[in-house]
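Below is coords_34.txt, holding compact mmCIF, C-alpha atoms.
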```txt
# COMPACT_ATOMS: atom_id res chain seq x y z
CA MET A 1 -6.23 -19.22 41.82
CA GLY A 2 -8.24 -16.29 40.44
CA TYR A 3 -5.28 -13.97 40.99
CA SER A 4 -2.99 -16.33 39.07
CA LYS A 5 -5.39 -16.43 36.14
CA ASN A 6 -5.60 -12.65 36.05
CA LEU A 7 -1.82 -12.31 36.25
CA GLY A 8 -1.37 -14.86 33.48
CA ALA A 9 -3.88 -13.07 31.28
CA GLY A 10 -2.12 -9.77 31.90
CA LEU A 11 1.29 -11.19 30.98
CA PHE A 12 -0.17 -12.74 27.83
CA ALA A 13 -1.66 -9.38 26.81
CA MET A 14 1.69 -7.69 27.37
CA LEU A 15 3.39 -10.23 25.12
CA LEU A 16 0.83 -9.59 22.39
CA LEU A 17 1.37 -5.85 22.64
CA ALA A 18 5.17 -6.04 22.73
CA PRO A 19 5.71 -6.08 18.93
CA ALA A 20 3.53 -2.99 18.55
CA VAL A 21 5.44 -1.19 21.30
CA LEU A 22 8.78 -1.98 19.65
CA ALA A 23 7.68 -1.09 16.11
CA SER A 24 8.67 2.57 16.29
CA ASP A 25 11.80 4.69 16.36
CA PRO A 26 13.65 4.71 19.69
CA ASP A 27 14.14 7.98 21.53
CA PRO A 28 17.40 9.68 20.47
CA LEU A 29 20.32 9.15 22.83
CA GLN A 30 22.20 12.26 21.66
CA ASP A 31 21.44 15.64 20.05
CA PHE A 32 22.06 14.24 16.56
CA CYS A 33 23.75 11.28 14.93
CA VAL A 34 24.37 11.53 11.19
CA ALA A 35 24.22 7.99 9.84
CA ASP A 36 27.38 6.27 8.73
CA LEU A 37 25.57 3.92 6.37
CA ASN A 38 28.71 1.81 5.84
CA GLY A 39 29.82 1.89 9.45
CA LYS A 40 30.59 -1.31 11.32
CA ALA A 41 30.33 0.10 14.84
CA VAL A 42 27.73 -1.34 17.20
CA SER A 43 24.67 0.90 17.48
CA VAL A 44 21.65 0.66 19.74
CA ASN A 45 19.83 3.61 18.17
CA GLY A 46 19.61 3.70 14.38
CA HIS A 47 22.78 3.56 12.27
CA PRO A 48 26.29 4.18 13.67
CA CYS A 49 27.26 7.85 13.84
CA LYS A 50 29.71 9.76 11.68
CA PRO A 51 32.34 11.78 13.57
CA LEU A 52 30.81 15.11 14.59
CA LEU A 53 33.28 17.18 12.56
CA GLU A 54 32.21 15.39 9.37
CA ALA A 55 28.48 15.81 9.88
CA GLY A 56 27.68 19.39 8.78
CA VAL A 57 26.70 18.94 5.13
CA ASP A 58 24.47 15.95 5.89
CA PHE A 59 21.72 18.23 7.18
CA LEU A 60 21.39 19.86 3.75
CA PHE A 61 19.89 18.19 0.71
CA SER A 62 19.52 19.32 -2.91
CA SER A 63 16.03 17.96 -3.00
CA LYS A 64 15.20 15.14 -5.37
CA LEU A 65 11.63 15.81 -4.23
CA ALA A 66 11.49 18.78 -6.60
CA LYS A 67 11.61 16.44 -9.61
CA ALA A 68 8.63 14.44 -10.83
CA GLY A 69 8.99 10.67 -10.68
CA ASN A 70 8.49 8.33 -13.64
CA THR A 71 4.85 7.21 -13.51
CA SER A 72 5.23 4.69 -16.36
CA THR A 73 4.66 1.83 -13.91
CA PRO A 74 1.92 -0.81 -13.53
CA ASN A 75 0.27 1.38 -10.86
CA GLY A 76 0.71 4.64 -12.76
CA SER A 77 2.54 6.15 -9.81
CA ALA A 78 6.08 6.74 -8.57
CA VAL A 79 7.34 7.13 -5.00
CA THR A 80 10.49 9.19 -4.41
CA GLU A 81 11.78 8.36 -0.93
CA LEU A 82 13.83 10.61 1.29
CA ASP A 83 14.48 8.47 4.35
CA VAL A 84 17.63 7.77 6.34
CA ALA A 85 19.12 5.72 3.50
CA GLU A 86 18.90 8.77 1.20
CA TRP A 87 19.40 11.48 3.80
CA PRO A 88 21.74 10.28 6.59
CA GLY A 89 21.14 13.44 8.61
CA THR A 90 17.70 12.16 9.63
CA ASN A 91 19.26 9.27 11.58
CA THR A 92 17.73 9.04 15.10
CA LEU A 93 15.67 12.22 14.54
CA GLY A 94 12.47 10.35 13.71
CA VAL A 95 11.57 12.13 10.45
CA SER A 96 11.50 11.34 6.73
CA MET A 97 9.68 12.49 3.57
CA ASN A 98 8.31 11.09 0.32
CA ARG A 99 7.03 12.55 -2.92
CA VAL A 100 4.40 10.51 -4.76
CA ASP A 101 3.58 11.28 -8.41
CA PHE A 102 0.45 10.03 -10.18
CA ALA A 103 -0.45 9.79 -13.85
CA PRO A 104 -4.19 10.27 -14.60
CA GLY A 105 -5.88 7.19 -13.15
CA GLY A 106 -2.73 6.24 -11.24
CA THR A 107 -2.89 4.79 -7.74
CA ASN A 108 -0.69 4.21 -4.74
CA PRO A 109 -2.06 0.74 -3.83
CA PRO A 110 -3.47 -0.09 -0.39
CA HIS A 111 -0.59 -0.24 2.08
CA ILE A 112 0.47 0.41 5.65
CA HIS A 113 3.49 2.02 7.30
CA PRO A 114 4.24 -0.17 10.34
CA ARG A 115 6.65 2.29 11.96
CA GLY A 116 5.35 5.75 11.14
CA THR A 117 2.38 8.12 11.16
CA GLU A 118 2.02 9.91 7.81
CA ILE A 119 0.99 13.49 7.23
CA GLY A 120 0.79 14.89 3.72
CA MET A 121 -0.42 17.57 1.36
CA VAL A 122 -1.72 17.31 -2.19
CA MET A 123 0.44 19.77 -4.12
CA LYS A 124 -1.08 19.41 -7.60
CA GLY A 125 -4.11 17.74 -9.15
CA GLU A 126 -7.04 15.91 -7.58
CA LEU A 127 -6.42 12.81 -5.47
CA LEU A 128 -8.91 10.54 -3.73
CA VAL A 129 -7.50 10.79 -0.23
CA ALA A 130 -8.68 12.17 3.12
CA GLY A 131 -8.45 15.83 2.06
CA GLU A 132 -5.98 18.37 0.67
CA THR A 133 -3.98 17.89 3.88
CA PHE A 134 -4.32 14.50 5.52
CA LEU A 135 -3.10 12.41 8.44
CA ILE A 136 -2.72 8.61 8.38
CA PRO A 137 -2.10 6.99 11.80
CA ARG A 138 0.68 4.43 12.02
CA GLY A 139 -0.39 0.99 10.83
CA LEU A 140 -3.69 2.15 9.25
CA MET A 141 -4.26 0.75 5.74
CA HIS A 142 -4.71 3.51 3.16
CA PHE A 143 -4.32 4.37 -0.52
CA GLN A 144 -4.33 7.32 -2.91
CA PHE A 145 -5.95 7.50 -6.34
CA ASN A 146 -5.72 10.18 -9.01
CA VAL A 147 -9.32 10.94 -9.94
CA GLY A 148 -8.42 13.99 -12.04
CA LYS A 149 -7.62 14.33 -15.74
CA THR A 150 -4.09 15.68 -15.21
CA ASP A 151 -0.93 14.56 -13.44
CA ALA A 152 -0.92 14.96 -9.68
CA TYR A 153 1.54 14.73 -6.84
CA MET A 154 1.70 14.96 -3.08
CA VAL A 155 4.42 15.37 -0.50
CA VAL A 156 4.21 13.42 2.75
CA SER A 157 6.30 13.21 5.89
CA PHE A 158 6.59 10.62 8.65
CA ASN A 159 7.53 10.61 12.30
CA SER A 160 10.09 7.89 11.56
CA GLN A 161 13.42 7.86 9.76
CA ASN A 162 12.39 4.53 8.23
CA PRO A 163 8.58 4.15 8.33
CA GLY A 164 8.51 0.98 6.24
CA ILE A 165 5.82 0.00 3.78
CA VAL A 166 3.73 -3.14 3.35
CA PHE A 167 1.70 -3.31 0.13
CA VAL A 168 -1.46 -5.31 0.81
CA PRO A 169 -1.99 -6.79 -2.70
CA LEU A 170 1.64 -7.89 -2.95
CA THR A 171 1.57 -9.35 0.56
CA LEU A 172 -1.60 -11.33 -0.14
CA PHE A 173 -0.82 -12.59 -3.63
CA GLY A 174 2.94 -12.31 -4.12
CA SER A 175 4.47 -13.39 -0.82
CA ASN A 176 7.16 -16.07 -0.65
CA PRO A 177 6.35 -18.60 0.71
CA PRO A 178 2.84 -18.01 -0.66
CA ILE A 179 -0.32 -17.83 1.39
CA PRO A 180 -2.20 -21.06 0.58
CA THR A 181 -4.98 -20.58 -1.93
CA PRO A 182 -7.64 -22.23 0.32
CA VAL A 183 -6.86 -19.66 3.01
CA LEU A 184 -7.38 -16.78 0.58
CA THR A 185 -10.55 -18.26 -0.91
CA LYS A 186 -12.06 -18.46 2.57
CA ALA A 187 -10.86 -15.01 3.64
CA LEU A 188 -11.88 -13.22 0.45
CA ARG A 189 -14.95 -15.37 -0.31
CA VAL A 190 -14.02 -15.98 -3.94
CA GLU A 191 -13.33 -19.02 -6.08
CA ALA A 192 -9.87 -20.60 -6.25
CA GLY A 193 -9.52 -19.56 -9.89
CA VAL A 194 -9.80 -15.89 -8.92
CA VAL A 195 -7.06 -16.28 -6.32
CA GLU A 196 -4.77 -18.09 -8.75
CA LEU A 197 -5.31 -15.38 -11.37
CA LEU A 198 -4.38 -12.69 -8.86
CA LYS A 199 -1.32 -14.65 -7.75
CA SER A 200 -0.16 -14.83 -11.34
CA LYS A 201 -0.32 -11.01 -11.56
CA PHE A 202 2.03 -10.62 -8.59
CA ALA A 203 4.39 -13.52 -9.27
CA GLY A 204 7.99 -12.61 -8.57
CA GLY A 205 7.03 -9.78 -6.24
CA SER A 206 6.22 -7.31 -9.03
```
Just give me the structure as structure tokens.
Amino acid sequence: MGYSKNLGAGLFAMLLLAPAVLASDPDPLQDFCVADLNGKAVSVNGHPCKPLLEAGVDFLFSSKLAKAGNTSTPNGSAVTELDVAEWPGTNTLGVSMNRVDFAPGGTNPPHIHPRGTEIGMVMKGELLVAGETFLIPRGLMHFQFNVGKTDAYMVVSFNSQNPGIVFVPLTLFGSNPPIPTPVLTKALRVEAGVVELLKSKFAGGS
């Protein structure tokens, strides 16, 4: 009976860990596979592949990362993504890049990347982050904040062609269907009016 209990507990733990194990890029099944973003072929590893003879130019990119993003946003920041949707050559290779621009006082709100570890470098300005060069493990909540008096930007890369992003404030207060207000009042230890005010700020997923 004791053995059965231990076996059952082990199987239950494996089931709990399964989503975490699957939430990463699969190992590549070929040397490279430039994404055919409109392809209809069945694929078990990223997007379907373009024919090899059509794939050469997809490894080159006239970088949009060289241009500053428009920081006239509610957060005072702009994220320029360069993942598999923008750069099909990264398909199955497990890499991608972003540029994040900040106006003075701008922030990249608390968020996580469920499928990728992030490594980055502050290229200009002064950001509240883990250092000039920093590493954020996959799934760890983090943020960046421009504490300087000038514009700032950083360039980051991920070990995933599609690292994903989950913004914590939007998830808590702008999800659909919404998280019930009593749940948030208990979790955050605030009055219902505070929760409703915050929900109104994120209504419509903005």
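Between atom CA of A:Leu140 and atom CA of A:Pro163 lies a distance of 12.5 Å.
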Near-A:Phe32 list (12 Å; all atoms listed in the file; drop same-chain fewer than 4 positions) as a short mmCIF file (atom, residue, chain, number, x, y, z; two decimals) with C-alpha atoms, in the frame of the given file:
```cif
data_model
loop_
_atom_site.label_atom_id
_atom_site.label_comp_id
_atom_site.auth_asym_id
_atom_site.auth_seq_id
_atom_site.Cartn_x
_atom_site.Cartn_y
_atom_site.Cartn_z
CA ASP A 27 14.14 7.98 21.53
CA PRO A 28 17.40 9.68 20.47
CA ASN A 45 19.83 3.61 18.17
CA GLY A 46 19.61 3.70 14.38
CA HIS A 47 22.78 3.56 12.27
CA PRO A 48 26.29 4.18 13.67
CA CYS A 49 27.26 7.85 13.84
CA LYS A 50 29.71 9.76 11.68
CA PRO A 51 32.34 11.78 13.57
CA LEU A 52 30.81 15.11 14.59
CA ALA A 55 28.48 15.81 9.88
CA GLY A 56 27.68 19.39 8.78
CA ASP A 58 24.47 15.95 5.89
CA PHE A 59 21.72 18.23 7.18
CA PRO A 88 21.74 10.28 6.59
CA GLY A 89 21.14 13.44 8.61
CA THR A 90 17.70 12.16 9.63
CA ASN A 91 19.26 9.27 11.58
CA THR A 92 17.73 9.04 15.10
CA LEU A 93 15.67 12.22 14.54
CA GLY A 94 12.47 10.35 13.71
#
```
Would you write out, as CSV, a table of all residues in stretch 148-182 of chain A that have an atom no more than 10 Å from an atom of stretch 131-135 of chain A, listing for each the closest atom pair and the distance in Å to one decimal, considering only C-alpha atoms and ordering rows by chain and rising residue number?
```
residue,atom,partner,partner_atom,distance
A:Met154,CA,A:Glu132,CA,9.2
A:Val155,CA,A:Thr133,CA,9.8
A:Val156,CA,A:Phe134,CA,9.0
A:Ser157,CA,A:Leu135,CA,9.8
A:Phe158,CA,A:Leu135,CA,9.9
```
query = Pick from A:Leu37, A:Gln144, A:Ala192, A:Tyr153: nearest to A:Ala66, with only C-alpha atoms counted?
reply = A:Tyr153
task = Do a neighbour search on stretch 61-65 of chain A at 8 Å with only C-alpha atoms, toss out local chain neighbours closer than 5 positions, and write the hits as number ranges by chain.
result = A: 80, 82, 87, 98-99
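The coordinates place atom CA of A:Leu172 at 8.0 Å from atom CA of A:Leu184.
Relative to atom CA of A:Asp83, atom CA of A:Asn176 is found at 26.1 Å.
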